[in-house]
Amino acid sequence: MLLQRIQGNFFPKNYMITQRCGNSDDQGYVFELLSNSHSAKCPHCGKESIRAHSYQDRIVRDLPLFGESVTLLISQQRYFCDNEECEADIFTESSSFVGPYFHFTERCREYMLKVAALMNCESAAKILAYQGIRVSGDTLLNMLRAAGERYQSKVGRKIGVDDWAYRKGQKYGTLICDLETREIIDVLEGRDSETLEKWLQGHREIEVVSRDRASAYARAITEVLPEAVQIADRFHITKNLLEALNDTMKTFIPEVIEVPNAEIEKVSADPVSHTAKKTRKSLNVRLHRYNGAKKSKKSMC
Ligand SMILES: [Zn+2]
């Protein structure tokens, strides 16, 4: 009864669930599906055939169930093509449920592509693995490329890239922002050239990248987006300018400046300096009185 309900609701009607192998820690849920079709159209010539030849077995991953992975052992019907003009003698029935040569069902592929389009492929692979879909970041990237514009994420054409520290001196990440909406688009683990390169490969529509002046990001952008305009952002230019200025000043001004004793005595005797000392002393006395008043008020409450 349960199998019938699963079959009607979750799998195409031309497949019969012949056995449910249950689940284990290693395999998750496994379903065996057998095609019960009686005819199919040849994908080469379009002629319908009713002459069955054999079954082709495939192992395909489906959407996870209750957080566990789902594997389908599908037996697809093969038919003879009786059209003498057709180049194919035998063909396998096609199905909108699972495309030819794919290792995932269409609905599973759709879900994986949507997740991958929202973030970088390496992060998507980790999230999908947590949900029971095991796939590498490289495979996701290839899938995104093959899928074309339909799954392009809504990343703007102008982005800002900078590194940040999970823990200073130990672990760093890369933050990517949309410069027009001022929203964070993605957070990558690592701040090396390869990490940014992988992310940019899924976003070749980007035209402007604002970055720091380190060579790692510059190298990744030049490699993947050679046409993009690279801008050194104002914060880093100012920072670099101040550092350069500081280094230059150090070459002119010695670290220790010796002041002759006669000069020190002269400053001590200066009436202006004396007045400043008196003002500071008066301020300290007033502050001391104010703190004393606050304490006594507290003790009254
Ligand atoms: Zn044919």
# chains A, B, ... in the order shown; residues from 1 in each chain; ligands from 1
call {"tool": "select_by_dssp", "arguments": {"residues": "segment 65-291 of chain A", "states": "strand (DSSP E)", "output": "PyMOL selection string"}}
result
chain A and resi 65+68-80+90-92+158-167+171-178+184-189+208-211+229-232
call {"tool": "residues_around", "arguments": {"residues": "segment 65-79 of chain A", "least_positions_apart": "4", "cutoff": "6 Å", "atoms": "only C-alpha atoms", "output": "list of chain:residue names"}}
result
A:Gly28, A:Tyr29, A:Val30, A:Phe31, A:Glu32, A:Leu33, A:Leu34, A:Ser35, A:Arg51, A:Ala52, A:His53, A:Ser54, A:Tyr55, A:Gln56, A:Asp57, A:Arg58, A:Ile59, A:Val60, A:Arg61, A:Ile90, A:Phe91, A:Thr92, A:Glu93, A:Gln131, A:Gly132
call {"tool": "write_last_selection", "arguments": {"atoms": "C-alpha atoms", "output": "PDB file, in the first residue's frame"}}
result
ATOM      1  CA  GLY A  28      20.308   5.826   2.472  1.00  0.00           C
ATOM      2  CA  TYR A  29      17.078   4.797   0.745  1.00  0.00           C
ATOM      3  CA  VAL A  30      17.300   2.579  -2.336  1.00  0.00           C
ATOM      4  CA  PHE A  31      14.387   1.977  -4.731  1.00  0.00           C
ATOM      5  CA  GLU A  32      14.325  -0.389  -7.679  1.00  0.00           C
ATOM      6  CA  LEU A  33      12.234   0.878 -10.592  1.00  0.00           C
ATOM      7  CA  LEU A  34      11.228  -1.283 -13.558  1.00  0.00           C
ATOM      8  CA  SER A  35       9.811   0.228 -16.716  1.00  0.00           C
ATOM      9  CA  ARG A  51       9.292  -4.688 -30.241  1.00  0.00           C
ATOM     10  CA  ALA A  52      11.097  -4.940 -26.911  1.00  0.00           C
ATOM     11  CA  HIS A  53      14.764  -5.909 -26.893  1.00  0.00           C
ATOM     12  CA  SER A  54      16.073  -5.906 -23.305  1.00  0.00           C
ATOM     13  CA  TYR A  55      16.515  -3.713 -20.238  1.00  0.00           C
ATOM     14  CA  GLN A  56      19.239  -1.201 -19.526  1.00  0.00           C
ATOM     15  CA  ASP A  57      20.123  -0.799 -15.865  1.00  0.00           C
ATOM     16  CA  ARG A  58      21.136   2.571 -14.457  1.00  0.00           C
ATOM     17  CA  ILE A  59      22.037   3.880 -11.035  1.00  0.00           C
ATOM     18  CA  VAL A  60      20.625   7.359 -10.484  1.00  0.00           C
ATOM     19  CA  ARG A  61      20.499   9.694  -7.471  1.00  0.00           C
ATOM     20  CA  ILE A  90      18.271  -0.583 -30.883  1.00  0.00           C
ATOM     21  CA  PHE A  91      17.424   2.361 -28.652  1.00  0.00           C
ATOM     22  CA  THR A  92      16.611   2.988 -24.999  1.00  0.00           C
ATOM     23  CA  GLU A  93      13.301   4.609 -24.134  1.00  0.00           C
ATOM     24  CA  GLN A 131      21.368  16.990   2.730  1.00  0.00           C
ATOM     25  CA  GLY A 132      22.369  13.605   1.341  1.00  0.00           C
TER      26      GLY A 132
END
call {"tool": "atom_distance", "arguments": {"atom1": "atom CA of Ser96 of chain A", "atom2": "atom CA of Pro12 of chain A"}}
result
9.1 Å
call {"tool": "select_by_dssp", "arguments": {"residues": "segment 118-251 of chain A", "states": "helix (DSSP H, G or I)", "output": "PyMOL selection string"}}
result
chain A and resi 118+121-130+137-151+193-201+215-224+234-251
call {"tool": "residues_around", "arguments": {"residues": "segment 143-148 of chain A", "least_positions_apart": "2", "cutoff": "12 Å", "atoms": "only C-alpha atoms", "output": "count of residues only"}}
result
33
call {"tool": "closest_residue", "arguments": {"among": "A:Arg134, A:Lys41, A:Arg234, A:Arg213", "to": "ligand 1", "atoms": "only C-alpha atoms and all ligand atoms"}}
result
A:Lys41
call {"tool": "closest_residue", "arguments": {"among": "A:Asp186, A:Asp247, A:Asp62, A:Asp178", "to": "Glu207 of chain A", "atoms": "only C-alpha atoms"}}
result
A:Asp178
call {"tool": "residues_near_ligand", "arguments": {"ligand": "ligand 1", "cutoff": "7 Å", "atoms": "only C-alpha atoms and all ligand atoms", "output": "JSON, numbers by chain"}}
result
{"A": [42, 43, 44, 45, 46, 47, 81, 82, 83, 86, 87, 88, 89]}
call {"tool": "write_last_selection", "arguments": {"atoms": "N, CA and C atoms", "output": "compact mmCIF listing (two decimals), in the first residue's frame"}}
result
# COMPACT_ATOMS: atom_id res chain seq x y z
N CYS A 42 11.60 6.03 -31.29
CA CYS A 42 13.05 6.04 -31.51
C CYS A 42 13.54 7.50 -31.49
N PRO A 43 14.54 7.81 -30.68
CA PRO A 43 15.02 9.20 -30.63
C PRO A 43 15.73 9.64 -31.92
N HIS A 44 16.12 8.69 -32.77
CA HIS A 44 16.85 9.02 -34.00
C HIS A 44 15.92 9.33 -35.18
N CYS A 45 14.88 8.48 -35.35
CA CYS A 45 13.99 8.68 -36.50
C CYS A 45 12.57 9.06 -36.09
N GLY A 46 12.22 8.90 -34.83
CA GLY A 46 10.89 9.29 -34.35
C GLY A 46 9.83 8.22 -34.56
N LYS A 47 10.19 7.08 -35.15
CA LYS A 47 9.19 6.03 -35.40
C LYS A 47 8.93 5.24 -34.12
N CYS A 81 14.53 -0.75 -33.37
CA CYS A 81 13.97 0.21 -34.31
C CYS A 81 13.84 -0.53 -35.65
N ASP A 82 12.60 -0.68 -36.11
CA ASP A 82 12.35 -1.45 -37.34
C ASP A 82 12.39 -0.59 -38.58
N ASN A 83 12.69 0.66 -38.45
CA ASN A 83 12.80 1.55 -39.61
C ASN A 83 14.12 1.26 -40.32
N CYS A 86 16.64 4.05 -40.62
CA CYS A 86 17.20 4.64 -39.38
C CYS A 86 18.60 4.08 -39.12
N GLU A 87 19.44 4.94 -38.61
CA GLU A 87 20.82 4.52 -38.32
C GLU A 87 20.91 3.63 -37.09
N ALA A 88 19.88 3.69 -36.22
CA ALA A 88 19.92 2.91 -34.97
C ALA A 88 19.16 1.60 -35.12
N ASP A 89 19.74 0.52 -34.60
CA ASP A 89 19.04 -0.76 -34.58
C ASP A 89 18.25 -0.91 -33.27
call {"tool": "atom_distance", "arguments": {"atom1": "atom CA of Phe235 of chain A", "atom2": "atom CA of Arg211 of chain A"}}
result
9.8 Å
call {"tool": "closest_residue", "arguments": {"among": "A:Arg107, A:Phe80, A:Gly169, A:Ile206", "to": "Ser39 of chain A", "atoms": "only C-alpha atoms"}}
result
A:Phe80
